[in-house]
Every structure is written in structure tokens, then in C-alpha cells.
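Asker: Just passing along the structure, written as C-alpha cells.
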Amino acid sequence: MSGGQLRAAATVVGLSIQEGVRKRVFLAVLLLTAAFLALYALGAHFAFRDVEGFAAGETKILDAHAFTGAVIFGLAMFATLFLGAVLAVFLTLGVVRGDAESGLLQPIVVRPIGRTTMLVGRFAGAALLSAAYVLIVYFTACAITSVTGDWTPDHLLTPALGLALAVAIIAALSLLASTILSVTAQGIVVFMVFGAGLTAGLLAQIGQAINSDSLHTIGRVASWTLPFEGLYTASLHALISGTSGLTGVVLELGPFGASEPASAGLIAWAFAYLVAVISLAAFVFSRRDL
Amino acid sequence: MAEPVLAVRELHKRYGSQEALAGVDLEVGAGQLVGLLGPNGAGKSTLTKIACGLVRPSGGGVEVLGRPAGSPEARAALGYLAELFRFPGWCTAEELLRFHQRLSGSAGGEAERRELLALVDLSEAAEKRIEAMSKGMQQRLGVAQALVGSPRLLLLDEPTSALDPVGRRIVRELLEELRRRGVAVLLNSHLLSEVELVCDHVAIIAGGRLVKAGTPEGLAGPAAVEVETGSGVKTFEGAGREDAPQIVAELVAGGESVYRVEVRHSSLEDVYLDAVGGQTG
Ligand SMILES: Nc1ncnc2c1ncn2[C@@H]1O[C@H](COP(=O)(O)OP(=O)(O)O)[C@@H](O)[C@H]1O
Ligand SMILES: [Mg+2]
């Protein structure tokens, strides 16, 4: 890639970010996020307060405080992933077919920059913005949990990066969908894929709980096919990987059940998957009449 | 003749079973303004899109300055305004031009932006958001956008469709200025008078085929000589300017008094309607 191409790509990244930030919807996203965090702060405050009363005087076999922290922060992680996915889809909505139909795409694509660079630029813009968003929400939720309940996850950074990579994968899948589908169909399909990924995670969890190997395997295969789910599960696992004793065991059976740790294989797979999805999108895009 | 800026050879395009272009040849030289005329669905937009690499031909080819259409070199040499275009509503005219300067690697900076906005009479609207502009203003901005980076070839697909008479005049004057600068222009239009007024060369296509090409004057050849005599107006169909003295002499010799002689040309519109056989899309 020449210097000129790189500059042009950076221009497209900048455009994607500017476009995302300057559309009115972004303000709605910010307001909703603020509302979510406020609600989370309130929930965390009451959860920690009430669990102290509930657990007082009982034998400390189960660390109720750690249990509460992990559970409510796990829920915050799910909400973060969901909001990040919404943002990633919003930022990649109609990037190819939708924009081609409205006439937004052609003026850019006829410039020397070319289709692949433009596609990669759009992906980078969307992925950077939604990853930054996820990181901010994650660390804010972290700070809230720490202040309200004096609880912090066992690993601070690993889950954050897992979530960021997960939303980047969703952005890539959404971009691929945009090369084939109209705007509405793209939105629907990506959210169905998102739901399917999470369901696969649940299947694997149920499979483990009821000792069904085949169910566990089906869930595992599906969650590697859609690795944002594997990354999310691994992130959940990293929250509590240092929690020992009965609390750790109970958490494994609860909302963090079947949590698989982030293996090097999973991370490598996630990056390879990203490259493959973007390459496929670029290939489909390169053959389209606009 | 020097190498043409745009060379279209035996161009074919099928969309599924729909044949949009069935072997079209066309050339545009430097400083030449060529009008591409034809009814809706004739294939004008398809030809333009192939020339800028948006659509892949099914056969034949297009070269821009000797490079295959769609290659980065070809794309770097051209400016394009689509028939159906949209620019991001949230950005201003100035920002749009700056964005396209970066994409095209133009080093023109602020001076270029200011000049282009002035050329399309949008200097006052530099800071206006595109969503707040009328369709006509957006179309003029579109023409300015196509000129970013001083392209050698300009492809304009129905660039005056949303313009009022004043806007059309602005674009017409701009096209004349571009001709002086040696830019090659291919202009798709269904507005015949526009084409007559500015184009050096006209190509008429219908049903994906070139049906007529030539200069507007050459195409709009003589049609009749009209003479007003004492016994009424007499029309000599098919006669031209050089036939007029002979006609008058014969009339006078025959005892008629001649009050007025006029050589009538068939208009480009007549030629066009004749060529496309009354087709419309
Ligand atoms: N993307 C497309 N898919 C299918 N058919 C198309 C497509 N674009 C154009 N056509 C068909 O190709 C023919 C030429 O269209 P077009 O080039 O837009 O004509 P014009 O610009 O002269 O009105 C028309 O019959 C049109 O319906
Ligand atoms: Mg057209």
C-alpha cells in the first residue's frame, strides 16, 4: 500500500468516525449509555447493601460479597457487549449496498482509493469507535462497582480487550452483510447472528450442566463459528478466574457457567476470523456493479 | 489526432438478460465537450459508470488516457458526478471538498476549494450543511466535487436535471471555461437545447446502440428554404443555403416579387426524434 493509499484510507477512517459522531443518533446512544450506567450504579449500590445484611452472621462458606460483585458486573458486561454491538451495527449500516443505492458510495469509490481500501477504512473506523465505546463503558462500570461495593474483577484488562475484539468482529460481520443485503435486512440479520452466537454459548453451558457432551459440543462449535461469543465467555471467565473455593464453584454453575478461559488459540482464531470476514466482504464488494 | 482522453470501444453490457449496451464506440479528445443523448434506458448512465469503474463491462472496453477504465490511474484522471448522488447531509460544502481533496491527493488546498465554490456560484454557502441545501445547490456542489484535483476527464451524468435556468447557465459557462482549459467532458443529457448550446460533438444512443454522431451543426443539416412572395410563402424542402440564389432567381424570372428568404435548418431535436424513432423510456 502506497503512502497516498494510506492517507486516503486514514481519510475514510476519519470520515467514518466523524459521521458516526455527528449523526444525531450518536447523541441518543450517549444518553442511553448514561442512563444505563446510572441505573447500574443504583442497582450495584442496593445489591451490595442488601447482600451485606443478608449474609451477616452466616458462616462465610460462600463469599456473598464477591458473588454479588461478579454477578452484577457480569450483567454489566453483557449490557456493554449488547450496546457495543448496537453501535457497531449502526456504524456499519448500509456501508456498501445501502450507500450504493442512495448514491453516497459512488463519489468515494471512483476516487483512486479503490474499493478494498475504502472498505477496510470503513471497518477500521467502525471498529475503533465501537471498541473505544466498549472500553469506556466497561471501565466506568468497573469504577462504579469498585466505589459502590469495593469489588474489582480478578483480571481488569483481559475482559476489556475481549469485549473490544468481540465488537470488532460484529462490525466485520455487519460489513460483510452490507455487501449483500439492503439496510433493513442487514440490521435484522446481524442481530439474529448476534442472538444465535449468544444462544450457542447458552447451549454449551446447559450441555455442561446436564452433562450432555453432544449439546456441549454443538454449543462450542457454534461459538467458535461466531467467535465474538467465545471472546465474551472468555471475558466473563477472566472476571472470576482468581476466585477460589465454593464461591468460584458456585459462579461456574451460575451465570458464568461453562466459562472457557481465553486460550491463545481463541485469540489467534478471532484475528484470523476478522481477516477472513473482511477479505470475503472485499471480494464480494469488488465484483459488484454499483 | 492525439490519443483520446476517453476511448470507448465495442462496449457491451448485459444486466442478466437485459442488454444495456450492444457495442458502442465513442471518443472524447482533450478540450472536447461531447454530449451523449438518448431516451431513458438508452444506456447513457451505464456507459458513464463503466468509464469510471463502477460497473464491469460484459465485452469491449474503455480506456482513459490509455489506461483501462477502473484502474487507479484511470480513476485518478477523472471527475464524476452521478445521475443519482447524495453527499453526507451532516457535512458542509467546504468539508466535502476537503474530503475529496484528501481522497484524490489534491494539493490545491484552500485556494482550490475557494475557486471551485466560486465556479459553481456557491461561495456564500461554503459553511452551509449539505442537508440544508436545495437539490439544485447540491447538484452544483456535485459538479465542484467532480472538479477536485483538476481531472483531465469529466463525466457528468445529467448534471442539470435539478437546476433552474440560472443554475443551468452557471453550469454551461463552467463547461465553456473547462473547454478553454483543455478538459475533456462527456455530458449525458436529455435536455437537447443544453447540448446544442455547448457541445462540440453529439452522440445519440438508443437501445444500447450508437445511432448518430457528429457536430450539432453537421447533424442539424439544412431542411428547407422558405421564400415569402407576393403569392404567399413557398417552402422548398431539402434545399440548402447554396440553393437559395438559384431559387430566388427562378422565382423572380417567373414574375414573382420576393420579400423574404430564409434557410431553415432541421433542429437537433428533429434529428434526435428521427434517430430514436420516438422511443422513450
Ligand atoms: N443495475 C441494473 N440492473 C439491471 N438493469 C439495469 C441496471 N442498470 C441499468 N439497467 C438497465 O439497463 C438499461 C440502460 O440503463 P441506463 O444506462 O441507466 O440508461 P440511461 O441512463 O440512458 O437512462 C435500462 O434498460 C435499464 O433498465
Ligand atoms: Mg441515466
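All residue names refer to the C-alpha cells as shown: chains lettered A, B, ... in order, residues numbered from 1 in each chain, ligands numbered from 1 in order.
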Which residues are near ligand 2 in this structure, taking near to mean any atom at most 9 Å from a ligand atom and counting only C-alpha atoms and all ligand atoms? Format them as a list of chain:residue names.
Answerer: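 My answer, listing the contacting residues, is B:Pro39, B:Asn40, B:Gly41, B:Ala42, B:Gly43, B:Lys44, B:Ser45, B:Thr46, B:Thr48, B:Ala82, B:Glu83, B:Leu84, B:Asp157, B:Glu158, B:Asn188, B:Ser189.
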Asker: Any chance you could export the current selection's N, CA and C atoms as a PDB file, in the first residue's frame?
Answerer:
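In the end it all went to part-v9.pdb:
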ATOM      1  N   PRO B  39     -32.858   8.454 -25.170  1.00  0.00           N
ATOM      2  CA  PRO B  39     -34.040   8.353 -24.295  1.00  0.00           C
ATOM      3  C   PRO B  39     -33.697   7.614 -23.007  1.00  0.00           C
ATOM      4  N   ASN B  40     -34.567   7.662 -22.036  1.00  0.00           N
ATOM      5  CA  ASN B  40     -34.367   6.925 -20.789  1.00  0.00           C
ATOM      6  C   ASN B  40     -34.160   5.451 -21.100  1.00  0.00           C
ATOM      7  N   GLY B  41     -33.177   4.848 -20.449  1.00  0.00           N
ATOM      8  CA  GLY B  41     -32.915   3.427 -20.664  1.00  0.00           C
ATOM      9  C   GLY B  41     -32.053   3.141 -21.873  1.00  0.00           C
ATOM     10  N   ALA B  42     -31.521   4.196 -22.517  1.00  0.00           N
ATOM     11  CA  ALA B  42     -30.708   4.002 -23.715  1.00  0.00           C
ATOM     12  C   ALA B  42     -29.351   3.392 -23.386  1.00  0.00           C
ATOM     13  N   GLY B  43     -28.892   3.591 -22.137  1.00  0.00           N
ATOM     14  CA  GLY B  43     -27.578   3.066 -21.756  1.00  0.00           C
ATOM     15  C   GLY B  43     -26.557   4.156 -21.453  1.00  0.00           C
ATOM     16  N   LYS B  44     -26.989   5.391 -21.380  1.00  0.00           N
ATOM     17  CA  LYS B  44     -26.058   6.504 -21.125  1.00  0.00           C
ATOM     18  C   LYS B  44     -25.364   6.357 -19.773  1.00  0.00           C
ATOM     19  N   SER B  45     -26.162   6.148 -18.732  1.00  0.00           N
ATOM     20  CA  SER B  45     -25.567   6.039 -17.395  1.00  0.00           C
ATOM     21  C   SER B  45     -24.652   4.829 -17.300  1.00  0.00           C
ATOM     22  N   THR B  46     -25.071   3.741 -17.926  1.00  0.00           N
ATOM     23  CA  THR B  46     -24.250   2.531 -17.895  1.00  0.00           C
ATOM     24  C   THR B  46     -22.882   2.798 -18.518  1.00  0.00           C
ATOM     25  N   THR B  48     -21.287   5.643 -18.762  1.00  0.00           N
ATOM     26  CA  THR B  48     -20.512   6.500 -17.866  1.00  0.00           C
ATOM     27  C   THR B  48     -19.979   5.712 -16.672  1.00  0.00           C
ATOM     28  N   ALA B  82     -22.558  11.522 -10.530  1.00  0.00           N
ATOM     29  CA  ALA B  82     -23.569  10.531 -10.890  1.00  0.00           C
ATOM     30  C   ALA B  82     -24.921  11.196 -11.087  1.00  0.00           C
ATOM     31  N   GLU B  83     -25.784  10.461 -11.797  1.00  0.00           N
ATOM     32  CA  GLU B  83     -27.144  10.949 -12.012  1.00  0.00           C
ATOM     33  C   GLU B  83     -27.874  10.990 -10.672  1.00  0.00           C
ATOM     34  N   LEU B  84     -27.764   9.883  -9.918  1.00  0.00           N
ATOM     35  CA  LEU B  84     -28.343   9.836  -8.584  1.00  0.00           C
ATOM     36  C   LEU B  84     -27.192   9.853  -7.588  1.00  0.00           C
ATOM     37  N   ASP B 157     -23.270  12.985 -15.464  1.00  0.00           N
ATOM     38  CA  ASP B 157     -24.485  12.251 -15.826  1.00  0.00           C
ATOM     39  C   ASP B 157     -25.697  13.101 -15.442  1.00  0.00           C
ATOM     40  N   GLU B 158     -26.335  13.672 -16.428  1.00  0.00           N
ATOM     41  CA  GLU B 158     -27.499  14.553 -16.215  1.00  0.00           C
ATOM     42  C   GLU B 158     -27.210  15.612 -15.144  1.00  0.00           C
ATOM     43  N   ASN B 188     -23.943  13.627 -20.209  1.00  0.00           N
ATOM     44  CA  ASN B 188     -25.195  12.939 -20.533  1.00  0.00           C
ATOM     45  C   ASN B 188     -26.326  13.912 -20.324  1.00  0.00           C
ATOM     46  N   SER B 189     -27.200  14.002 -21.281  1.00  0.00           N
ATOM     47  CA  SER B 189     -28.310  14.915 -21.068  1.00  0.00           C
ATOM     48  C   SER B 189     -29.485  14.521 -21.921  1.00  0.00           C
TER      49      SER B 189
END
Asker: Identify all chain A residues at most 9 Å from chain B by counting only C-alpha atoms; ligands do not count. Present them as a VMD selection string.
Answerer: chain A and resid 4 to 5 7 to 9 11 to 12 15 19 22 to 23 99 101 to 114 287 to 290
Asker: Assign secondary structure with DSSP using the backbone only, and return the residues of region 58-210 of chain B in alpha helix (DSSP H) as number ranges by chain.
Answerer: B: 72-76, 93-104, 109-119, 135-146, 165-180, 192-198
Asker: Would you return as a ChimeraX atom specification the members of region 39-280 of chain B that DSSP assigns to strand (DSSP E or B) on this structure's backbone?
Answerer: /B:59-64,67-68,78-81,92,129,153-157,184-189,201-206,209-214,222-229,232-237,258-265
Asker: Please provide the set of residues having any atom within 10 Å of Tyr259 (chain B), restricted to only C-alpha atoms, with same-chain residues fewer than 5 positions apart removed, written as a short mmCIF file (atom, residue, chain, number, x, y, z; two decimals) with C-alpha atoms, in the first residue's frame.
Answerer:
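The resulting file, part-v1.cif, is shown below:
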data_model
loop_
_atom_site.label_atom_id
_atom_site.label_comp_id
_atom_site.auth_asym_id
_atom_site.auth_seq_id
_atom_site.Cartn_x
_atom_site.Cartn_y
_atom_site.Cartn_z
CA VAL B 227 -39.44 32.28 -49.54
CA GLU B 228 -42.13 34.88 -48.97
CA THR B 229 -43.54 36.01 -52.31
CA GLY B 230 -46.43 38.09 -53.48
CA GLY B 232 -47.68 33.62 -50.28
CA VAL B 233 -44.92 31.68 -48.53
#
Asker: At a cut-off of 10 Å, using only C-alpha atoms, what residues contact Gly66 (chain B)? Leave out same-chain residues fewer than 4 positions from it and give the result as a list in words.
Answerer: Glu3, Pro4, Val5, Leu6, Ala7, Val62, Glu73 and Ala74 of chain B
Asker: May I have the selected residues written with N, CA and C atoms, as a JSON list (two decimals), in the first residue's frame?
Answerer:
[["chain", "number", "residue", "atom", "x", "y", "z"],
["B", 3, "GLU", "N", -3.82, 11.01, -28.79],
["B", 3, "GLU", "CA", -4.52, 9.95, -28.06],
["B", 3, "GLU", "C", -5.78, 10.52, -27.39],
["B", 4, "PRO", "N", -6.92, 9.89, -27.61],
["B", 4, "PRO", "CA", -8.14, 10.43, -26.99],
["B", 4, "PRO", "C", -8.07, 10.29, -25.46],
["B", 5, "VAL", "N", -8.73, 11.21, -24.79],
["B", 5, "VAL", "CA", -8.77, 11.12, -23.33],
["B", 5, "VAL", "C", -9.68, 9.97, -22.90],
["B", 6, "LEU", "N", -10.80, 9.86, -23.60],
["B", 6, "LEU", "CA", -11.72, 8.74, -23.33],
["B", 6, "LEU", "C", -11.94, 7.98, -24.62],
["B", 7, "ALA", "N", -11.68, 6.69, -24.59],
["B", 7, "ALA", "CA", -11.91, 5.86, -25.77],
["B", 7, "ALA", "C", -12.80, 4.69, -25.39],
["B", 62, "VAL", "N", -13.09, 0.23, -22.22],
["B", 62, "VAL", "CA", -12.99, 1.68, -22.14],
["B", 62, "VAL", "C", -11.60, 2.01, -21.63],
["B", 73, "GLU", "N", -5.05, 4.47, -12.03],
["B", 73, "GLU", "CA", -4.55, 5.58, -12.86],
["B", 73, "GLU", "C", -5.71, 6.24, -13.60],
["B", 74, "ALA", "N", -6.61, 5.38, -14.13],
["B", 74, "ALA", "CA", -7.75, 5.93, -14.86],
["B", 74, "ALA", "C", -8.64, 6.72, -13.92]]
Asker: Using only C-alpha atoms, which of the listed residues (B:Val248, B:Ala111, B:Val263, B:Leu119) sits closest to Leu147 (chain B)?
Answerer: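 Closest candidate: B:Leu119.
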Asker: Might you pull out every residue within 8 Å of region 38-52 of chain A, with only C-alpha atoms counted and same-chain residues fewer than 5 positions away left off, and present them as an MDAnalysis selection string?
Answerer: chainID A and resid 64:65 68:69 72 76 141 144:145 148:149
Asker: Give me, as a VMD selection string, all polymer residues having an atom no more than 8 Å from Ala93 (chain B), counting only C-alpha atoms and skipping those fewer than 5 positions away in the same chain.
Answerer: chain B and resid 125 to 130 141
Asker: I need the chosen residues saved as a compact mmCIF listing (two decimals), in the first residue's frame, with N, CA and C atoms.
Answerer:
# COMPACT_ATOMS: atom_id res chain seq x y z
N ALA B 125 -22.16 29.72 0.32
CA ALA B 125 -22.69 28.55 1.00
C ALA B 125 -21.59 27.62 1.51
N ALA B 126 -20.34 28.11 1.56
CA ALA B 126 -19.21 27.25 1.93
C ALA B 126 -19.42 26.56 3.28
N GLU B 127 -20.02 27.26 4.23
CA GLU B 127 -20.17 26.71 5.58
C GLU B 127 -21.56 26.12 5.82
N LYS B 128 -22.34 26.03 4.75
CA LYS B 128 -23.69 25.51 4.88
C LYS B 128 -23.66 23.98 4.91
N ARG B 129 -24.47 23.39 5.78
CA ARG B 129 -24.57 21.93 5.80
C ARG B 129 -25.33 21.46 4.56
N ILE B 130 -24.89 20.32 4.01
CA ILE B 130 -25.48 19.86 2.76
C ILE B 130 -26.97 19.55 2.93
N LEU B 141 -22.83 21.76 -6.24
CA LEU B 141 -21.73 21.31 -5.39
C LEU B 141 -21.14 20.00 -5.94
Asker: To one decimal in Å, tell me the separation between CA of Ala144 (chain B) and CA of Leu116 (chain B).
Answerer: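 One can read the CA of Ala144 (chain B) to CA of Leu116 (chain B) distance as 5.4 Å.
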Asker: Using only C-alpha atoms and all ligand atoms, can you tell me which of B:Ala239, B:Leu156, B:Ala220, B:Leu21 comes closest to ligand 1?
Answerer: B:Leu21
Asker: Choose the residue, out of A:Leu156, A:Cys142, A:Ala85, A:Ala272, that has the smallest atom-to-atom separation from Leu129 (chain A); count only C-alpha atoms.
Answerer: A:Ala85
Asker: Using only C-alpha atoms, which protein or nucleic acid residues come within 12 Å of Leu191 (chain B)? Drop anything in the same chain fewer than 3 positions from it, and give the result as a ChimeraX atom specification.
Answerer: /B:35-40,157-163,165,168,187-188,194-199,268-269,272
Asker: Considering only C-alpha atoms and all ligand atoms, state which residue in the set B:Gly208, B:Gly60, B:Gly23, B:Gly31 is at the smallest distance from ligand 1.
Answerer: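 Of the candidates, the smallest distance to ligand 1 is held by B:Gly208.
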Asker: From the options B:Arg9, B:Arg209, B:Arg113, B:Arg172, which residue's atoms come nearest to ligand 1, counting only C-alpha atoms and all ligand atoms?
Answerer: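 Selected residue with least distance to ligand 1: B:Arg209.
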Asker: Of the residues B:His201, B:Arg181, B:His12, B:Arg169, which is the one nearest to ligand 1, using only C-alpha atoms and all ligand atoms?
Answerer: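 For ligand 1, the nearest of the given residues is B:His12.
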